[in-house]
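Here's the structure we're looking at; comments come further down.
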Amino acid sequence: MEISSKYNPKEVEKKIYSFWLQLNAFNAEIDYSKKPFAIVIPPPNITGVLHMGHALNNTIQDSFIRFRRLTGYQVLWMPGTDHAGIATQNVVERALLKEGKRKEDIGREEFQKKLWKWHEEYGSTIIHQLKQLGASCDWRRSRFTMDSLYSEAVKEAFIHLFKKGLIYRGRYIINWCPRCKTALSDEEVIRKEVDGWLYYIRYPIDKTTCKALKKDYIVVATTRPETMLGDTAVAINPLDEKNKWIKNCRVILPILNRLLKVIEDQLVDPEFGTGIVKVTPSHDPVDFVLAKKHNLEFINIMKDDASLNENASKFCGMDRFKAREEILKALEEQNLLEKNEPYKINVGHCYRCNTIIEPRLSLQWFVKMKPLAKPAISVVEEGKVNFYPPHYKKIYLNWMENIQDWCISRQLWWGHRIPVYYCKSCGAHQLKSIDNIPNNELLTIDKKGIIVSSAKPNSCPDCGLNDLVEEEDVLDTWFSSWLWPFATFGWPFRKVLKERANIKDEFLLEKEEDIQKAKEELKYFYPTDVLVTASEILFFWVARMIMAGLEFIGEVPFRNVFVHGTVRDAQGLKMSKSLGNIIDPLVIIEKFGADSLRFSLMMLALGGSDVYLSDEKFLVGRNFCNKIWNASRFILMNIQQSQLEISDLKLENLDKIDIWLLKHLNNTIETVTNNFENYRINEAAKTVYEFFWHIFCDWYIEIIKDDFAVKAKVALYTLVTSLKLMHPLAPFITEEIFQNLKTIVKIDLGKALINNSWPEPFALKNLDIFDIEELINIVYQIRNVKFILGLANKNITLILKTSGKNFLFEANSGWIKRLARLDNIIFVDKLKRILYKSDFCEFDFDIDDVDVNNFISNLEKKIIELQKNIDNIKLRLENENFLKKALQETIQEERNKFSALIAEKAKLEELKNAFK
RNA sequence: GGGCGUGUAGCUCAGGGGUAGAGCACUACACUCACAUUGUAGAAGUCAUAGGUUCAAAUCCUAUCACGCCCACCA
């Protein structure tokens with residue numbers, strides 16, 4: 001069998017992946033003889049294309065999964081996709097716009113059809129890409145957050161919370177995206193500091209209401225002058241002496257000439273601006289709070305696209321920013337704009353389209369979070385859910401303790417429809433209109449005529465009539481995602497028949513036994529073991545899943561949360577398409593192979609901290625894969641060429657070199673196992689890298705080259721063991737080599753590597769490997785001295801004097817000569833000249849005219865180094881306090897160190913002096 | 001404003017009370033046939049700053065300075 005000197009990932013990966021699929025190696029079924037290990041994938045958006053963040057996230061998961069699969073767990077990696085409300089709607093809207101249509105032109109139903117069609121065509125792009133990465137998910141189970149059965153879960157959750165009084169509908173100031181035309185939760189708003197202006201505007205005082213005037217106007221400071229049209233008061237701090245005089249006045253709102261009263265509230269900072277604030281209840285969150293408290297009128301001045309409405313008089317129809325200019329102009333004309341100064345403002349942006357958010361008064365659905373948060377705080381405090389790295393625990397708790405109610409309604413056409421019906425006869429549907437709210441009416445909602453139900457009811461329970469309309473809004477995408485860890489198993493286990501499914505769902509519970517099986521699977525695999533996620537969605541998703549798990553199942557959804565960092569470019573900027581700084585994982589896979597990508601990422605996947613990437617970072621993985629390939633190639637070719645018949649991997653008649661290697665291998669197995677178990681994946685990668693390359697290849701294989709036939713078994717054993725250790729990180733190449741190996745050696749190794757067994761340390765008697773380490777050190781010393789003397793590329797003869805260890809050198813002379821590039825080794829009793837000296841041996845070369853200057857200066861440098869250390873320790877040993885207070889053990893250690901250093905230095909000086 | 005974290009070699013980071021570590025990059029040498037996607041050797045750091053605890057601090061504590069992330073109603 002010919003083995004190419006270059007690994008060809010493209011061919012191999014395709015072949016190996018379908019081999020795994022044929023084996024059903026990813027499939028997870030209940031097996032009570034094994035312990036379960038489950039991970040649910042963070043479902044990527046159906047609009048998603050695999051980016052480096054996905055690659056990192058999923059490689060970590062796949063490595064954990066493959067590790068556990070090999071260690072004998074019954075493994076489930078549950079895959080799926082997320083319908084991603086706004087994101088998907090935006091994509092399809094854009095496509096529609098290319099045809100010159102808006103979604104309103106074709107209507108909700110038609111638009112939804114287009115969405116589903118889009119999902120069918122492109123929705124699984126990312127799934128295919130995950131397969132290219134090597135993800136070993138049980139693809140049969142793939143779920144979509146809009147599956148018919150999943151809808152049942154969403155409805156169940158809503159109804160459950162509603163009945164419990166944890167869902168309410170309320171008029172509230174929410175974040176509104178005027179482009180997406182929907183409400184957003186606080187988490188969906190990205191705050192960015194932008195340069196703006198702080199405008200100082202004069203509001204004249206109504207002289208009929210105010211007697212003792214200091215001035216005939218007051219000044220308010222604002223960054224958003226256009227909202228002044230909705231002002232219904234001005235406010236000062238009750239303790240603000242300098243503005244106290246306006247307390248009982250009324251002021252006149254410029255342009256509209258509305259009379260505003262002055263209110264007093266602690267929320268006002270007397271130090272900011274003039275200490276007087278304009279209050280715009282419908283367009284500012286703080287003012288909203290003030291207005292409720294002080295019973296102010298709410299005037300909405302904007303339409304849903306953030307252009308001004310009829311309440312804005314002559315500015316009606318104008319865009320908000322245009323209106324700002326015009327209003328400033330008008331104020332200036334009337335000499336009411338006192339000044340403006342540059343000012344940095346924190347402005348909210350839509351996380352999907354980056355449009356500036358408008359605080360907007362509207363009627364929305366909310367979940368009361370405090371009662372849900374309470375148990376979710378306890379489980380983390382008690383350690384039932386652990387974070388890696390652990391400091392995320394604090395961040396989580398801090399957030400949870402300050403949690404706000406969750407706005408869950410979205411004015412989108414793509415998503416789970418809120419399971420609510422309104423009775424027209426009871427007037428419930430009219431509450432939807434939000435413009436011109438008379439004072440503060442309807443801030444809480446009477447439940448009359450509002451029916452929460454999973455299907456349209458026949459009649460209104462309040463009035464008995466059947467004039468019902470369905471709620472138009474859909475639910476926040478995260479309201480379905482937070483159910484992911486158990487909804488994917490089929491919770492709430494309702495029978496859903498094919499006829500009722502609105503798409504060709506593959507996952508339906510049609511028969512009673514399906515339901516029973518699904519329930520059993522949940523019981524077996526849930527709670528899942530670890531959730532792997534980026535820190536960005538800790539609150540969006542992770543925290544909410546914990547709450548949902550506890551509320552709906554009564555048990556945490558996962559025991560561990562592994563948080564990895566954000567993927568950034570070499571400059572530290574977040575990778576994003578708009579910045580044009582992305583490194584496409586698919587390009588890396590194309591160029592170097594999936595394993596190179598995976599291994600490189602895992603070397604860098606330090607828990608919690610961000611991953612800085614540049615193209616050359618992927619060379620680590622590529623080079624390592626090349627090393628794995630070629631080392632394996634060497635071993636296999638030699639077994640073939642020497643026609644070795646190896647029938648088993650039992651190791652016997654080991655010599656010291658073998659034991660030296662196996663000791664290192666044992667340590668590696670232990671460390672790698674430990675690192676995987678403790679989610680220290682980069683440590684696992686580094687450990688196996690170090691062993692395979694620098695112990696196994698650099699030394700062992702080099703040492704045994706001359707008598708490979710004798711050592712082949714140990715080499716083969718070590719190779720197989722290493723393949724297992726590396727498989728979670730580099731699955732394709734290790735499986736490929738494993739399969740090649742099977743055709744060459746006549747050993748029953750099992751059918752495949754993927755579901756093979758994890759290695760155990762080899763049982764070694766505690767044999768001393770000191771001699772081998774010494775010999776390796778001597779080879780290193782010979783090379784070193786040769787370099788210093790400028791003899792690196794010359795073959796020379798070594799003249800050696802040992803302390804009774806000649807036999808050792810004789811027994812190992814083959815490899816020592818080869819690795820140190822020696823013609824010969826001559827043993828003598830006394831050296832004329834000494835180039836190296838230790839307790840073990842001393843040596844010289846058979847070359848007379850060496851350039852000693854370099855050698856001497858090198859010795860001097862070493863002596864100076866040693867002297868520094870000696871001085872340090874001497875100081876310590878002369879310190880009475882040290883002798884009095886340090887542990888006896890420590891003192892003895894220091895003394896030993898001291899004498900060792902002194903001896904070492906003496907040797908070097910002796911060498912040096914011999915040359916003078 | 002509050003919370004969390006980070007500052008160690010040119011870069012990316014390990015480590016962690018008692019002589020500073022790795023990888024990459026760099027320098028020199030070597031195409032000795034598994035691998036130049038290689039090998040061998042080398043140079044490189046007052047462990048952010050200032051105090052404190054300690055016999056001993058890069059390591060623990062405090063403050064400061066930088067940087068990063070998250071949360072928050074300063075218009």
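So you can find residues: chains in the structure tokens are A, B, ... in the order shown, residues in each start at 1, and ligands are numbered from 1 in order.
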Distance query A30 of chain B at most 8 Å, only C-alpha atoms (C1' of nucleotides), self and fewer than 3 positions along chain excluded, as a PDB file with all heavy atoms, in the first residue's frame:
ATOM      1  N   ASN A 793      28.162  20.637  11.667  1.00  0.00           N
ATOM      2  CA  ASN A 793      27.894  19.750  10.540  1.00  0.00           C
ATOM      3  C   ASN A 793      29.046  18.791  10.249  1.00  0.00           C
ATOM      4  O   ASN A 793      29.162  18.262   9.167  1.00  0.00           O
ATOM      5  CB  ASN A 793      27.560  20.576   9.293  1.00  0.00           C
ATOM      6  CG  ASN A 793      28.627  21.607   9.031  1.00  0.00           C
ATOM      7  OD1 ASN A 793      29.529  21.785   9.852  1.00  0.00           O
ATOM      8  ND2 ASN A 793      28.549  22.263   7.892  1.00  0.00           N
TER       9      ASN A 793
ATOM     10  P     G B  39      10.500  19.233  13.328  1.00  0.00           P
ATOM     11  OP1   G B  39       9.845  18.403  14.359  1.00  0.00           O
ATOM     12  OP2   G B  39      10.302  20.693  13.308  1.00  0.00           O
ATOM     13  O5'   G B  39      12.061  18.964  13.371  1.00  0.00           O
ATOM     14  C5'   G B  39      12.548  17.640  13.333  1.00  0.00           C
ATOM     15  C4'   G B  39      14.027  17.661  13.161  1.00  0.00           C
ATOM     16  O4'   G B  39      14.351  18.328  11.920  1.00  0.00           O
ATOM     17  C3'   G B  39      14.783  18.472  14.187  1.00  0.00           C
ATOM     18  O3'   G B  39      14.916  17.770  15.397  1.00  0.00           O
ATOM     19  C2'   G B  39      16.120  18.673  13.470  1.00  0.00           C
ATOM     20  O2'   G B  39      16.865  17.478  13.477  1.00  0.00           O
ATOM     21  C1'   G B  39      15.621  18.948  12.050  1.00  0.00           C
ATOM     22  N9    G B  39      15.483  20.390  11.792  1.00  0.00           N
ATOM     23  C8    G B  39      14.320  21.117  11.690  1.00  0.00           C
ATOM     24  N7    G B  39      14.543  22.384  11.443  1.00  0.00           N
ATOM     25  C5    G B  39      15.930  22.495  11.374  1.00  0.00           C
ATOM     26  C6    G B  39      16.758  23.624  11.129  1.00  0.00           C
ATOM     27  O6    G B  39      16.429  24.795  10.910  1.00  0.00           O
ATOM     28  N1    G B  39      18.109  23.283  11.163  1.00  0.00           N
ATOM     29  C2    G B  39      18.595  22.017  11.396  1.00  0.00           C
ATOM     30  N2    G B  39      19.919  21.885  11.394  1.00  0.00           N
ATOM     31  N3    G B  39      17.829  20.958  11.626  1.00  0.00           N
ATOM     32  C4    G B  39      16.522  21.267  11.595  1.00  0.00           C
ATOM     33  P     U B  40      14.977  18.513  16.750  1.00  0.00           P
ATOM     34  OP1   U B  40      14.921  17.482  17.788  1.00  0.00           O
ATOM     35  OP2   U B  40      14.032  19.642  16.755  1.00  0.00           O
ATOM     36  O5'   U B  40      16.442  19.128  16.721  1.00  0.00           O
ATOM     37  C5'   U B  40      17.567  18.268  16.737  1.00  0.00           C
ATOM     38  C4'   U B  40      18.819  19.081  16.603  1.00  0.00           C
ATOM     39  O4'   U B  40      18.827  19.742  15.310  1.00  0.00           O
ATOM     40  C3'   U B  40      18.947  20.238  17.583  1.00  0.00           C
ATOM     41  O3'   U B  40      19.374  19.812  18.855  1.00  0.00           O
ATOM     42  C2'   U B  40      19.983  21.106  16.870  1.00  0.00           C
ATOM     43  O2'   U B  40      21.265  20.538  16.974  1.00  0.00           O
ATOM     44  C1'   U B  40      19.509  20.980  15.414  1.00  0.00           C
ATOM     45  N1    U B  40      18.587  22.073  15.047  1.00  0.00           N
ATOM     46  C2    U B  40      19.155  23.285  14.687  1.00  0.00           C
ATOM     47  O2    U B  40      20.350  23.461  14.667  1.00  0.00           O
ATOM     48  N3    U B  40      18.260  24.270  14.354  1.00  0.00           N
ATOM     49  C4    U B  40      16.899  24.174  14.342  1.00  0.00           C
ATOM     50  O4    U B  40      16.221  25.153  14.010  1.00  0.00           O
ATOM     51  C5    U B  40      16.372  22.888  14.734  1.00  0.00           C
ATOM     52  C6    U B  40      17.222  21.911  15.065  1.00  0.00           C
TER      53        U B  40
END
Define the interface residues of chain A facing chain B as those within 6 Å, counting only C-alpha atoms (C1' of nucleotides), and report them as a PDB file with C-alpha atoms, in the first residue's frame.
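Once written, out_37.pdb looks like this:
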ATOM      1  CA  THR A 222     -31.696  67.901  25.919  1.00  0.00           C
ATOM      2  CA  VAL A 286     -37.102  57.871  32.602  1.00  0.00           C
ATOM      3  CA  ASN A 623       1.875  21.453  10.612  1.00  0.00           C
ATOM      4  CA  ASN A 630       4.221  11.463   8.398  1.00  0.00           C
ATOM      5  CA  ALA A 631       5.057   9.806  11.687  1.00  0.00           C
ATOM      6  CA  ARG A 633       3.485   6.906   7.499  1.00  0.00           C
ATOM      7  CA  PHE A 634       6.956   6.100   8.705  1.00  0.00           C
ATOM      8  CA  ASN A 869      21.931  32.202  41.727  1.00  0.00           C
ATOM      9  CA  ASN A 881      15.352  35.200  59.981  1.00  0.00           C
ATOM     10  CA  PHE A 882      15.223  32.729  57.167  1.00  0.00           C
ATOM     11  CA  LYS A 885      11.345  31.025  60.406  1.00  0.00           C
TER      12      LYS A 885
END
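Shell of A57 of chain B at 9 Å, with only C-alpha atoms (C1' of nucleotides) counted and residues fewer than 3 places along the chain excluded, is G17, U54 and C60 of chain B.
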Atoms to include: all heavy atoms. Write the selected residues as a tab-separated table (two decimals), in the first residue's frame.
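So result-v4.tsv came out as:
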chain	number	residue	atom	x	y	z
B	17	G	P	1.21	29.63	44.71
B	17	G	OP1	1.07	28.69	45.81
B	17	G	OP2	0.06	30.41	44.25
B	17	G	O5'	2.35	30.67	45.01
B	17	G	C5'	3.04	30.61	46.22
B	17	G	C4'	4.33	31.34	45.97
B	17	G	O4'	4.35	32.48	46.84
B	17	G	C3'	5.56	30.53	46.27
B	17	G	O3'	6.64	30.99	45.49
B	17	G	C2'	5.80	30.86	47.75
B	17	G	O2'	7.16	30.74	48.11
B	17	G	C1'	5.40	32.34	47.77
B	17	G	N9	4.93	32.75	49.08
B	17	G	C8	4.01	32.15	49.91
B	17	G	N7	3.84	32.79	51.01
B	17	G	C5	4.71	33.87	50.92
B	17	G	C6	4.99	34.91	51.85
B	17	G	O6	4.49	35.09	52.95
B	17	G	N1	5.94	35.79	51.35
B	17	G	C2	6.57	35.67	50.13
B	17	G	N2	7.45	36.61	49.81
B	17	G	N3	6.31	34.71	49.26
B	17	G	C4	5.39	33.85	49.74
B	54	U	P	4.47	40.85	58.59
B	54	U	OP1	4.23	40.40	59.97
B	54	U	OP2	5.28	42.06	58.32
B	54	U	O5'	5.11	39.65	57.77
B	54	U	C5'	4.53	38.36	57.81
B	54	U	C4'	5.25	37.46	56.85
B	54	U	O4'	5.07	37.96	55.49
B	54	U	C3'	6.76	37.41	57.01
B	54	U	O3'	7.15	36.54	58.05
B	54	U	C2'	7.19	36.90	55.63
B	54	U	O2'	7.00	35.52	55.52
B	54	U	C1'	6.20	37.64	54.72
B	54	U	N1	6.77	38.89	54.16
B	54	U	C2	7.42	38.81	52.94
B	54	U	O2	7.54	37.76	52.32
B	54	U	N3	7.95	39.98	52.48
B	54	U	C4	7.89	41.21	53.09
B	54	U	O4	8.41	42.17	52.55
B	54	U	C5	7.20	41.21	54.35
B	54	U	C6	6.68	40.08	54.83
B	60	C	P	-1.53	36.04	43.19
B	60	C	OP1	-2.52	35.02	42.78
B	60	C	OP2	-1.52	37.37	42.55
B	60	C	O5'	-1.64	36.27	44.77
B	60	C	C5'	-2.25	35.29	45.60
B	60	C	C4'	-2.40	35.83	47.00
B	60	C	O4'	-1.07	35.91	47.61
B	60	C	C3'	-2.92	37.25	47.11
B	60	C	O3'	-4.33	37.28	47.06
B	60	C	C2'	-2.39	37.69	48.47
B	60	C	O2'	-3.15	37.15	49.52
B	60	C	C1'	-1.01	37.04	48.46
B	60	C	N1	0.05	37.96	47.95
B	60	C	C2	0.43	39.06	48.74
B	60	C	O2	-0.14	39.24	49.83
B	60	C	N3	1.38	39.89	48.29
B	60	C	C4	1.97	39.67	47.12
B	60	C	N4	2.92	40.51	46.71
B	60	C	C5	1.60	38.56	46.29
B	60	C	C6	0.65	37.73	46.75
- prompt: Tell me, which residues of segment 100-265 of chain A carry DSSP alpha helix (DSSP H), written as a ChimeraX atom specification?
  reply: /A:103-122,125-133,148-163
- request: Extract, using only C-alpha atoms (C1' of nucleotides), all DNA, RNA and protein residues at most 12 Å from Lys765 of chain A, discarding same-chain residues fewer than 6 positions from it, and format them as a ChimeraX atom specification.
  value: /A:652,654-656,659-660,662-663
Mind checking which residues fall within 10 Å of Ser313 of chain A, counting only C-alpha atoms (C1' of nucleotides), ignoring those fewer than 6 positions away in the same chain, and posting them as a compact mmCIF listing (two decimals) with N, CA and C atoms, in the first residue's frame?
# COMPACT_ATOMS: atom_id res chain seq x y z
N LEU A 229 -41.89 68.09 21.42
CA LEU A 229 -43.29 68.22 21.03
C LEU A 229 -44.19 67.32 21.87
N ILE A 255 -43.17 76.53 20.29
CA ILE A 255 -43.74 76.00 19.05
C ILE A 255 -45.19 75.60 19.21
N LEU A 256 -45.48 74.71 20.19
CA LEU A 256 -46.87 74.27 20.34
C LEU A 256 -47.63 75.10 21.37
N ILE A 301 -45.81 61.32 19.69
CA ILE A 301 -45.63 62.19 18.53
C ILE A 301 -45.05 61.47 17.32
In segment 82-281 of chain A, DSSP strand (DSSP E) residues written as number ranges by chain: A: 143-144, 167-177, 182-184, 189-204, 217-222, 233-236, 250-253, 258-264, 277-279
Would you save the residues from that selection as a CSV table (one decimal), in the first residue's frame, using C-alpha atoms?
chain,number,residue,atom,x,y,z
A,143,ARG,CA,-35.0,20.0,15.4
A,144,PHE,CA,-36.2,23.4,14.2
A,167,ILE,CA,-47.3,36.8,31.9
A,168,TYR,CA,-49.0,40.1,31.6
A,169,ARG,CA,-49.9,42.6,28.9
A,170,GLY,CA,-49.0,46.1,29.6
A,171,ARG,CA,-48.5,49.5,28.2
A,172,TYR,CA,-44.9,50.3,28.6
A,173,ILE,CA,-42.1,52.2,27.1
A,174,ILE,CA,-40.1,49.7,25.1
A,175,ASN,CA,-37.3,49.6,22.6
A,176,TRP,CA,-38.7,50.1,19.1
A,177,CYS,CA,-36.8,49.5,15.9
A,182,THR,CA,-41.0,45.8,16.2
A,183,ALA,CA,-40.4,45.9,19.9
A,184,LEU,CA,-37.0,44.6,21.1
A,189,VAL,CA,-30.4,46.6,22.0
A,190,ILE,CA,-26.8,47.4,21.6
A,191,ARG,CA,-25.6,50.6,23.3
A,192,LYS,CA,-23.0,52.6,21.5
A,193,GLU,CA,-21.5,55.9,22.4
A,194,VAL,CA,-21.9,58.4,19.6
A,195,ASP,CA,-21.0,62.1,19.2
A,196,GLY,CA,-24.0,64.3,19.6
A,197,TRP,CA,-25.0,67.6,21.0
A,198,LEU,CA,-26.5,68.8,24.1
A,199,TYR,CA,-29.0,71.6,23.3
A,200,TYR,CA,-30.0,74.3,25.8
A,201,ILE,CA,-33.6,75.4,25.0
A,202,ARG,CA,-35.5,78.2,26.6
A,203,TYR,CA,-39.0,77.6,27.7
A,204,PRO,CA,-40.9,80.9,28.4
A,217,TYR,CA,-37.8,81.8,30.8
A,218,ILE,CA,-36.2,78.6,32.1
A,219,VAL,CA,-33.6,76.6,30.2
A,220,VAL,CA,-33.7,72.8,29.7
A,221,ALA,CA,-31.0,70.7,28.3
A,222,THR,CA,-31.7,67.9,25.9
A,233,ALA,CA,-44.0,68.8,32.1
A,234,VAL,CA,-40.7,70.0,33.2
A,235,ALA,CA,-39.0,68.6,36.3
A,236,ILE,CA,-36.5,69.7,39.0
A,250,ARG,CA,-46.2,76.9,34.5
A,251,VAL,CA,-44.0,77.1,31.5
A,252,ILE,CA,-44.9,77.4,27.9
A,253,LEU,CA,-43.7,74.7,25.5
A,258,ARG,CA,-48.7,74.0,25.5
A,259,LEU,CA,-48.7,74.8,29.2
A,260,LEU,CA,-46.5,72.6,31.2
A,261,LYS,CA,-46.5,72.1,34.9
A,262,VAL,CA,-43.3,71.8,37.0
A,263,ILE,CA,-42.9,68.6,38.9
A,264,GLU,CA,-40.3,67.7,41.6
A,277,VAL,CA,-35.5,68.5,32.7
A,278,LYS,CA,-38.1,68.4,30.0
A,279,VAL,CA,-40.4,65.4,30.6
Which neighbours of segment 835-840 of chain A fall inside 9 Å, counting only C-alpha atoms (C1' of nucleotides), when residues of the same chain fewer than 2 positions from it are skipped, and could you give them as a tab-separated table (two decimals) with N, CA, C and O atoms, in the first residue's frame?
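Result file is part33.tsv:
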chain	number	residue	atom	x	y	z
A	774	GLU	N	19.61	10.66	31.11
A	774	GLU	CA	21.01	11.09	31.12
A	774	GLU	C	21.59	10.99	29.70
A	774	GLU	O	22.25	11.91	29.22
A	781	GLN	N	24.02	17.66	24.99
A	781	GLN	CA	25.25	18.38	25.34
A	781	GLN	C	26.28	18.30	24.23
A	781	GLN	O	26.97	19.28	23.92
A	782	ILE	N	26.36	17.13	23.60
A	782	ILE	CA	27.33	16.98	22.51
A	782	ILE	C	26.96	17.94	21.37
A	782	ILE	O	27.80	18.66	20.84
A	785	VAL	N	27.85	21.55	22.38
A	785	VAL	CA	29.27	21.88	22.34
A	785	VAL	C	29.76	21.93	20.90
A	785	VAL	O	30.53	22.80	20.51
A	801	LYS	N	34.85	9.64	28.93
A	801	LYS	CA	35.20	8.99	30.20
A	801	LYS	C	33.92	8.95	31.04
A	801	LYS	O	33.30	9.98	31.26
A	802	THR	N	33.52	7.76	31.47
A	802	THR	CA	32.29	7.69	32.25
A	802	THR	C	32.60	7.20	33.64
A	802	THR	O	33.67	6.64	33.90
A	803	SER	N	31.65	7.41	34.53
A	803	SER	CA	31.83	6.89	35.88
A	803	SER	C	31.22	5.49	35.93
A	803	SER	O	30.11	5.31	36.44
A	804	GLY	N	31.91	4.59	35.35
A	804	GLY	CA	31.49	3.18	35.37
A	804	GLY	C	30.26	2.89	34.53
A	804	GLY	O	29.52	1.94	34.80
A	805	LYS	N	29.98	3.73	33.54
A	805	LYS	CA	28.76	3.53	32.76
A	805	LYS	C	29.07	3.23	31.28
A	805	LYS	O	28.22	3.43	30.42
A	833	ARG	N	41.82	16.80	27.60
A	833	ARG	CA	41.10	18.07	27.56
A	833	ARG	C	39.63	17.72	27.84
A	833	ARG	O	39.15	16.66	27.43
A	842	GLU	N	32.38	12.61	31.31
A	842	GLU	CA	33.00	13.79	30.73
A	842	GLU	C	33.47	13.43	29.32
A	842	GLU	O	33.73	12.26	29.03
A	843	PHE	N	33.50	14.44	28.45
A	843	PHE	CA	33.90	14.09	27.09
A	843	PHE	C	34.75	15.15	26.41
A	843	PHE	O	34.85	16.29	26.86
A	844	ASP	N	35.36	14.69	25.32
A	844	ASP	CA	36.21	15.55	24.49
A	844	ASP	C	35.98	15.10	23.04
A	844	ASP	O	35.39	14.04	22.81
A	845	PHE	N	36.38	15.93	22.10
A	845	PHE	CA	36.32	15.53	20.70
A	845	PHE	C	37.73	15.27	20.18
A	845	PHE	O	38.70	15.80	20.72
A	855	PHE	N	33.94	28.91	23.02
A	855	PHE	CA	33.70	27.95	24.09
A	855	PHE	C	33.91	28.59	25.45
A	855	PHE	O	33.09	28.45	26.35
A	904	GLU	N	28.49	22.62	40.45
A	904	GLU	CA	28.31	22.88	39.03
A	904	GLU	C	29.28	23.97	38.56
A	904	GLU	O	29.93	23.86	37.52
A	907	LYS	N	32.85	22.83	38.36
A	907	LYS	CA	33.11	22.06	37.15
A	907	LYS	C	33.37	22.98	35.96
A	907	LYS	O	34.32	22.79	35.20
A	908	LEU	N	32.53	23.97	35.83
A	908	LEU	CA	32.68	24.88	34.70
A	908	LEU	C	34.00	25.65	34.79
A	908	LEU	O	34.68	25.86	33.79
A	911	LEU	N	36.78	23.49	33.74
A	911	LEU	CA	36.85	23.41	32.28
A	911	LEU	C	37.52	24.66	31.72
A	911	LEU	O	38.40	24.58	30.87
message: When you look at Ile16 of chain A with a cut-off of 9 Å (counting only C-alpha atoms (C1' of nucleotides)), what residues show up, excluding the ones that are within fewer than 6 positions of it in the same chain? I need them as JSON, numbers by chain.
response: {"A": [732, 733, 735, 736]}
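Going from atom CA of Cys841 of chain A to atom CA of Ile816 of chain A covers 14.3 Å.
For the pair atom CA of Ala886 of chain A and atom CA of Lys862 of chain A, the interatomic distance is 29.5 Å.
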